[in-house]
Amino acid sequence: MFDWLSVHRADFAAVLILLLVVAFVASIYKGVHYSILRKNDEVFGDPERTKGGWYWAVTGVSTILLLWFFFSWGMARAYFPNAANEMCQIAKIEEAISPIKARLPIGSRYYKSTILVVRNAQQLETLEENIPSAVFSASELRQIDTALAQTNSLINILSDPSKQSEDTRQALAQITADIEAIGERLDQGYDGLEVSEEGRNQPRWGVTDTEIPLIPMTARGMMFDEVSVQAKDITTAFLKLRNLPDDAKTTIASTKAILADLKDAAKDSSGWTEADVAERGRFIKALDRIFKRLDDGIIFPSEALAGVNSSIETLYDKIDDAQGSLGIVDALFFPGHGVVKSKTLCIEQGSSRWLPKPFDVVAKFGKLANPDLENGGGYKGTTLLWWKWLPIADVVDFIIPDMLVDALPGSYGTHGDDGSFMPTYKDKVLAFAQGDVYLGSIPMLDGHIWDSLFRVIVAMAFGICLGVPLGIYMGVSRFFKSFFDPMIELYRPVPPLAWAPLILTIFGIQDDGKIFLLFMVAFAIMVISARTGASGTQLSKIRASHSLGASNQQILRNVILPNALPEILTGIRIAIGVCWGTLVAAEMLAGTTGIGFIENVARTVSDYELIWVTILVMGLLGLMFDLIMRKVISITIPWRGKG
Amino acid sequence: MADLNCTDLCMTFTNPQTGDKVEALKDINFSLKKGELLSVLGPSGCGKTTLLNMIAGFINPTSGHLELGGNKIESPGVERGMVFQQGALFEWLPVSKNVDFGLRMKKMDPRESEKLVEKWLNIVGLNGFGNTPTYQLSGGMQQRVALARCLVNNPDLILMDEPLGALDALTREKMQSLILELWKETGKTIIIITHSVEEALLLGERLFVMAPRPGRIYKEYQLPFAEQGLTTSLRDIKQQEDFSTVREEILTMIWDMEEEIMGSV
């Protein structure tokens with residue numbers, strides 16, 4: 001069932017996109033209609049004008065979903081399921097001829113030859129101006145001059161079309177003709193081409209890990225695929241070509257001999273100081289390096305390559321023509337750089353690279369949410385949100401510190417003379433406290449989401465239980481306020497994440513560290529909000545309750561606490577939000593479970609779908625927290641703002 | 001027995017930063033017999049509220065003595081009930097829980113306190129409002145709750161700090177009648193602080209006009225209007241000639257005091 005849904009995700013997208021378009025248009029119609037109806041009901045600026053308007057919410061939601069479908073290429077996949085495969089075939093041609101293009105203006109603005117000539121001539125000039133004549137003998141200097149002159153002349157020879165050998169000329173003409181020939185092949189169209197069995201049976205676009213099917217699935221694709229194979233051969237031939245006319249060969253040979261001499265001489269240290277020898281070696285090496293860039297024959301006269309360059313330009317025109325409707329689909333539905341072929345796969349290049357398609361995210365979430373760990377569910381051996389049997393002993397171990405047992409009277413057992421061990425009662429208590437005694441199990445939530453929630457909930461519980469009483473006392477007592485204020489103000493302004501490395505080092509990367517970190521966050525917020533709430537109690541209410549005979553404790557419990565409740569609840573709402581943000585970051589720093597952990601792993605492997613799944617899950621949970629708190633606030637303190 | 005005695009009462013506030021001293025009250029001497037109704041009037045800054053706060057026990061005088069029924073007043077107590085301008089109700093509690101607050105603090109038997117609450121809600125005219133949240137009540141009704149909350153505790157002395165100041169004219173008149181009725185029925189000693197001369201005349205068996213700098217009792221009146229108000233309608237009393245004579249006299253007096261303050265600026 002799940003697989004069937006997964007395979008047909010593009011079809012669902014097609015239906016959903018249509019519905020979204022209908023919703024978009026209908027809600028705009030409704031909105032405009034209603035706005036005209038109500039135009040004169042309220043003056044501009046009246047807050048009443050913002051009430052209602054669900055239809056605009058529909059417009060907003062469908063807009064964002066449509067944008068998501070568009071920029072993730074979800075629309076393209078829904079309505080043109082074969083387009084990416086065809087674009088992949090064109091990308092194959094692009095990949096095949098890209099080495100040729102890299103040497104031509106069409107691919108890199110200048111001829112590679114031009115760049116080489118200009119750069120080496122410049123470096124030769126610099127070298128010529130800076131000959132360290134003091135460290136060379138007169139005869140050596142003459143040799144250097146010759147070598148420089150010959151290297152210079154080599155550049156001239158290689159750039160001169162008239163000196164080009166006939167073989168090279170013909171070879172280049174052949175390559176130009178070949179490229180033109182594949183262009184003409186494209187002109188002939190793809191009638192009669194049959195899609196291979198293998199091509200037909202490929203998984204569809206985006207269903208498996210290989211995003212775009214590689215083997216052509218359409219006749220048009222077959223044509224491009226065929227041309228790409230030929231283009232590859234042309235490229236191989238082009239890359240083998242060398243421009244080494246006879247003149248050049250003689251110059252190269254004699255220069256090589258001179259440079260070899262000079263190199264030998266540079267190694268000879270007699271009569272020169274150590275610094276001099278180093279200087280000689282350095283200069284000769286620099287000269288040799290320039291020469292070696294020129295002697296491999298990849299510099300061609302610019303005129304000689306013009307033909308190849310223009311033939312490739314023509315080829316691109318032919319590809320454009322041969323694409324036909326595909327070109328329009330590409331321009332309209334594939335924002336970004338389209339499909340790129342690299343080595344063994346075709347990848348999406350553009351916004352869809354980092355923005356996964358909506359249904360891919362859903363499928364990924366489905367996979368993650370599957371509690372069946374053996375069959376690829378969950379993530380890294382933990383479910384997303386499920387339940388398990390939790391041994392009560394583990395809870396006991398967590399709650400009772402071993403030190404408590406140490407403090408008991410009596411002593412732990414030792415082994416007897418015969419090597420036997422009789423546990424004392426203290427040993428037994430210790431075993432209990434350490435969770436070594438089976439006490440049965442209780443069902444407990446489990447999974448990455450629960451781990452994250454658990455940390456927040458526990459930290460919040462501690463933060464509220466300790467923070468609220470302290471905050472209330474700080475709101476009413478000069479001692480409490482002045483004594484604790486500096487302590488809290490000392491650590492509170494530090495961003496929680498700045499504490500994280502320290503806390504995680506001290507408490508470990510398991511739950512304890514994160515809970516303590518979150519506790520610090522929640523505690524400060526709860527103290528401050530409870531304090532604000534307590535100190536904000538109207539004096540007349542306090543006086544009234546004194547006059548009614550209430551004791552200090554009664555006033556604290558019956559007047560100041562309820563009066564501070566709105567502030568406390570707002571504090572809880574804020575604290576949960578901040579804790580949630582801090583937790584995710586802390587889980588990214590260290591740990592083996594939790595939503596932040598998943599996202600961090602997804603980041604390291606560039607799994608964009610997983611990153612988006614975690615982002616959406618975190619957003620939804622954050623929203624859930626806030627909605628719950630809003631509901632709690634409106635139920636528990638209906639008097640808020642009305643006192 | 002429950003007489004309020006006030007001897008040589010002085011209150012001086014010191015500004016902690018500048019050390020400046022302000023004499024809020026100086027040499028106040030008066031005594032109030034049980035069941036008397038006293039209204040206190042004066043321009044702002046004459047120390048009316050300070051006097052009331054001292055009687056309530058919220059602040060202690062710099063010098064002098066305050067005694068209620070022979071006991072020195074040092075801290076707030078149940079025998080002195082207080083009604084504030086804004087009600088100072090506990091908005092998180094419904095009306096009945098507000099009213100029985102003092103009883104709950106005393107840990108009175110809930111069944112007994114329930115009866116008392118019902119009785120007092122009846123008297124102040126809030127029958128059936130027991131479960132209404134206080135923030136849903138109008139200003140006048142809130143003040144009725146405050147009165148009931150104070151009275152249910154059965155205090156010897158009721159202190160009212162501009163209790164009707166925030167109400168509209170019509171509600172105010174009704175509340176004035178209510179206060180007079182309560183005074184008659186319960187026979188409690190009541191001190192009312194007010195800004196309104198008419199109100200002070202109507203609700204004051206005795207009336208102190210206070211003057212500022214230093215705060216002192218400038219003039220004392222014995223008035224018949226409160227007694228009349230128990231039988232005659234308040235509007236008729238306001239029409240009487242001697243009522244308007246006293247009103248004009250006091251208005252001129254306060255006007256002159258205000259002039260003096262303004263003039264000295």
# chains A, B, ... in the order shown; residues from 1 in each chain; ligands from 1

call {"tool": "interface_residues", "arguments": {"of": "chain B", "to": "chain A", "cutoff": "9 Å", "atoms": "only C-alpha atoms", "output": "ChimeraX atom specification"}}
result
/B:56-58,75-84,86-92,101-106,133-136,149-150,153

call {"tool": "write_last_selection", "arguments": {"atoms": "C-alpha atoms", "output": "PDB file, in the first residue's frame"}}
result
ATOM      1  CA  ALA B  56      -6.074  50.988  59.080  1.00  0.00           C
ATOM      2  CA  GLY B  57      -2.577  50.186  60.352  1.00  0.00           C
ATOM      3  CA  PHE B  58      -0.871  50.086  56.964  1.00  0.00           C
ATOM      4  CA  SER B  75      -0.859  46.839  62.281  1.00  0.00           C
ATOM      5  CA  PRO B  76      -3.821  45.965  60.046  1.00  0.00           C
ATOM      6  CA  GLY B  77      -6.562  44.025  61.753  1.00  0.00           C
ATOM      7  CA  VAL B  78      -9.944  42.478  61.110  1.00  0.00           C
ATOM      8  CA  GLU B  79     -11.653  44.937  63.447  1.00  0.00           C
ATOM      9  CA  ARG B  80     -10.939  47.704  60.951  1.00  0.00           C
ATOM     10  CA  GLY B  81     -12.390  46.961  57.513  1.00  0.00           C
ATOM     11  CA  MET B  82     -11.277  48.902  54.474  1.00  0.00           C
ATOM     12  CA  VAL B  83     -13.036  49.732  51.212  1.00  0.00           C
ATOM     13  CA  PHE B  84     -10.872  51.092  48.399  1.00  0.00           C
ATOM     14  CA  GLN B  86     -11.295  50.651  42.854  1.00  0.00           C
ATOM     15  CA  GLY B  87     -12.751  47.830  44.918  1.00  0.00           C
ATOM     16  CA  ALA B  88      -9.417  45.974  45.035  1.00  0.00           C
ATOM     17  CA  LEU B  89     -11.335  42.769  44.395  1.00  0.00           C
ATOM     18  CA  PHE B  90      -9.565  39.488  43.668  1.00  0.00           C
ATOM     19  CA  GLU B  91     -10.453  39.108  40.002  1.00  0.00           C
ATOM     20  CA  TRP B  92      -9.485  35.415  39.936  1.00  0.00           C
ATOM     21  CA  PHE B 101     -12.250  35.743  51.748  1.00  0.00           C
ATOM     22  CA  GLY B 102     -11.886  36.979  55.331  1.00  0.00           C
ATOM     23  CA  LEU B 103     -13.962  34.070  56.650  1.00  0.00           C
ATOM     24  CA  ARG B 104     -11.851  31.545  54.751  1.00  0.00           C
ATOM     25  CA  MET B 105      -8.688  33.090  56.144  1.00  0.00           C
ATOM     26  CA  LYS B 106     -10.201  32.595  59.593  1.00  0.00           C
ATOM     27  CA  PRO B 133     -16.618  36.527  37.998  1.00  0.00           C
ATOM     28  CA  THR B 134     -15.951  39.967  39.426  1.00  0.00           C
ATOM     29  CA  TYR B 135     -14.468  41.317  36.197  1.00  0.00           C
ATOM     30  CA  GLN B 136     -17.873  40.937  34.587  1.00  0.00           C
ATOM     31  CA  ARG B 149     -16.483  41.615  51.714  1.00  0.00           C
ATOM     32  CA  CYS B 150     -15.661  44.180  54.371  1.00  0.00           C
ATOM     33  CA  ASN B 153     -15.976  40.210  58.655  1.00  0.00           C
TER      34      ASN B 153
END

call {"tool": "select_by_dssp", "arguments": {"residues": "stretch 328-563 of chain A", "states": "alpha helix (DSSP H)", "output": "MDAnalysis selection string"}}
result
chainID A and resid 328:333 351:354 358:369 392:399 402:406 425:433 448:476 478:491 496:507 511:535 539:547 552:555 561:563

call {"tool": "atom_distance", "arguments": {"atom1": "atom CA of A:Pro423", "atom2": "atom CA of A:Asp436"}}
result
13.8 Å

call {"tool": "residues_around", "arguments": {"residues": "A:Gly435", "least_positions_apart": "6", "cutoff": "9 Å", "atoms": "only C-alpha atoms", "output": "list of chain:residue names"}}
result
A:Pro391, A:Ile392, A:Ala393, A:Asp394, A:Val395, A:Val396, A:Asp397, A:Phe398

call {"tool": "atom_distance", "arguments": {"atom1": "atom CA of A:Gly336", "atom2": "atom CA of A:Ser6"}}
result
25.8 Å

call {"tool": "residues_around", "arguments": {"residues": "A:Ser196", "least_positions_apart": "2", "cutoff": "8 Å", "atoms": "only C-alpha atoms", "output": "JSON list (two decimals) with C-alpha atoms, in the first residue's frame"}}
result
[["chain", "number", "residue", "atom", "x", "y", "z"],
["A", 194, "GLU", "CA", 12.44, 2.47, -30.19],
["A", 198, "GLU", "CA", 15.58, -1.47, -19.91],
["A", 199, "GLY", "CA", 14.61, 2.15, -20.35],
["A", 200, "ARG", "CA", 10.92, 1.36, -20.03],
["A", 216, "PRO", "CA", 16.18, 7.30, -22.28],
["A", 217, "MET", "CA", 12.47, 6.63, -21.88]]

call {"tool": "select_by_dssp", "arguments": {"residues": "stretch 29-222 of chain B", "states": "strand (DSSP E or B)", "output": "number ranges by chain"}}
result
B: 29-32, 37-41, 63-68, 71-72, 80-83, 94, 133, 157-161, 189-193, 206-211, 216-222

call {"tool": "residues_around", "arguments": {"residues": "A:Ala585", "least_positions_apart": "2", "cutoff": "12 Å", "atoms": "only C-alpha atoms", "output": "JSON, numbers by chain"}}
result
{"A": [452, 495, 496, 497, 498, 499, 500, 501, 514, 517, 518, 578, 579, 580, 581, 582, 583, 587, 588, 589, 590, 591, 594, 595, 596, 597, 598, 599, 600, 618]}

call {"tool": "residues_around", "arguments": {"residues": "B:Gly229", "least_positions_apart": "3", "cutoff": "10 Å", "atoms": "only C-alpha atoms", "output": "ChimeraX atom specification"}}
result
/B:176-177,180-181,202-203,224-226,232-237

call {"tool": "residues_around", "arguments": {"residues": "B:Met175", "least_positions_apart": "3", "cutoff": "10 Å", "atoms": "only C-alpha atoms", "output": "PyMOL selection string"}}
result
chain B and resi 124+140-141+143-144+163-164+167+169-172+178-181

call {"tool": "atom_distance", "arguments": {"atom1": "atom CA of A:Thr255", "atom2": "atom CA of A:Thr146"}}
result
8.0 Å

call {"tool": "closest_atom_pairs", "arguments": {"of": "stretch 80-174 of chain B", "to": "stretch 4-7 of chain B", "cutoff": "12 Å", "atoms": "only C-alpha atoms", "output": "Markdown table"}}
result
| residue | atom | partner | partner_atom | distance |
| --- | --- | --- | --- | --- |
| B:Arg80 | CA | B:Leu4 | CA | 10.8 |
| B:Asp156 | CA | B:Leu4 | CA | 9.9 |
| B:Leu157 | CA | B:Leu4 | CA | 8.6 |
| B:Ile158 | CA | B:Leu4 | CA | 11.5 |
| B:Leu159 | CA | B:Leu4 | CA | 12.0 |

call {"tool": "closest_residue", "arguments": {"among": "B:Asp100, B:Glu118, B:Glu36, B:Glu205", "to": "B:Gln228", "atoms": "only C-alpha atoms"}}
result
B:Glu205

call {"tool": "closest_residue", "arguments": {"among": "B:Lys26, B:Lys72, B:Lys188, B:Lys115", "to": "B:Leu38", "atoms": "only C-alpha atoms"}}
result
B:Lys188

call {"tool": "closest_residue", "arguments": {"among": "A:Thr593, A:Thr151, A:Thr208, A:Asn40", "to": "A:Leu385", "atoms": "only C-alpha atoms"}}
result
A:Thr593

call {"tool": "closest_residue", "arguments": {"among": "B:Glu199, B:Glu23, B:Glu227, B:Glu74", "to": "B:Pro212", "atoms": "only C-alpha atoms"}}
result
B:Glu23
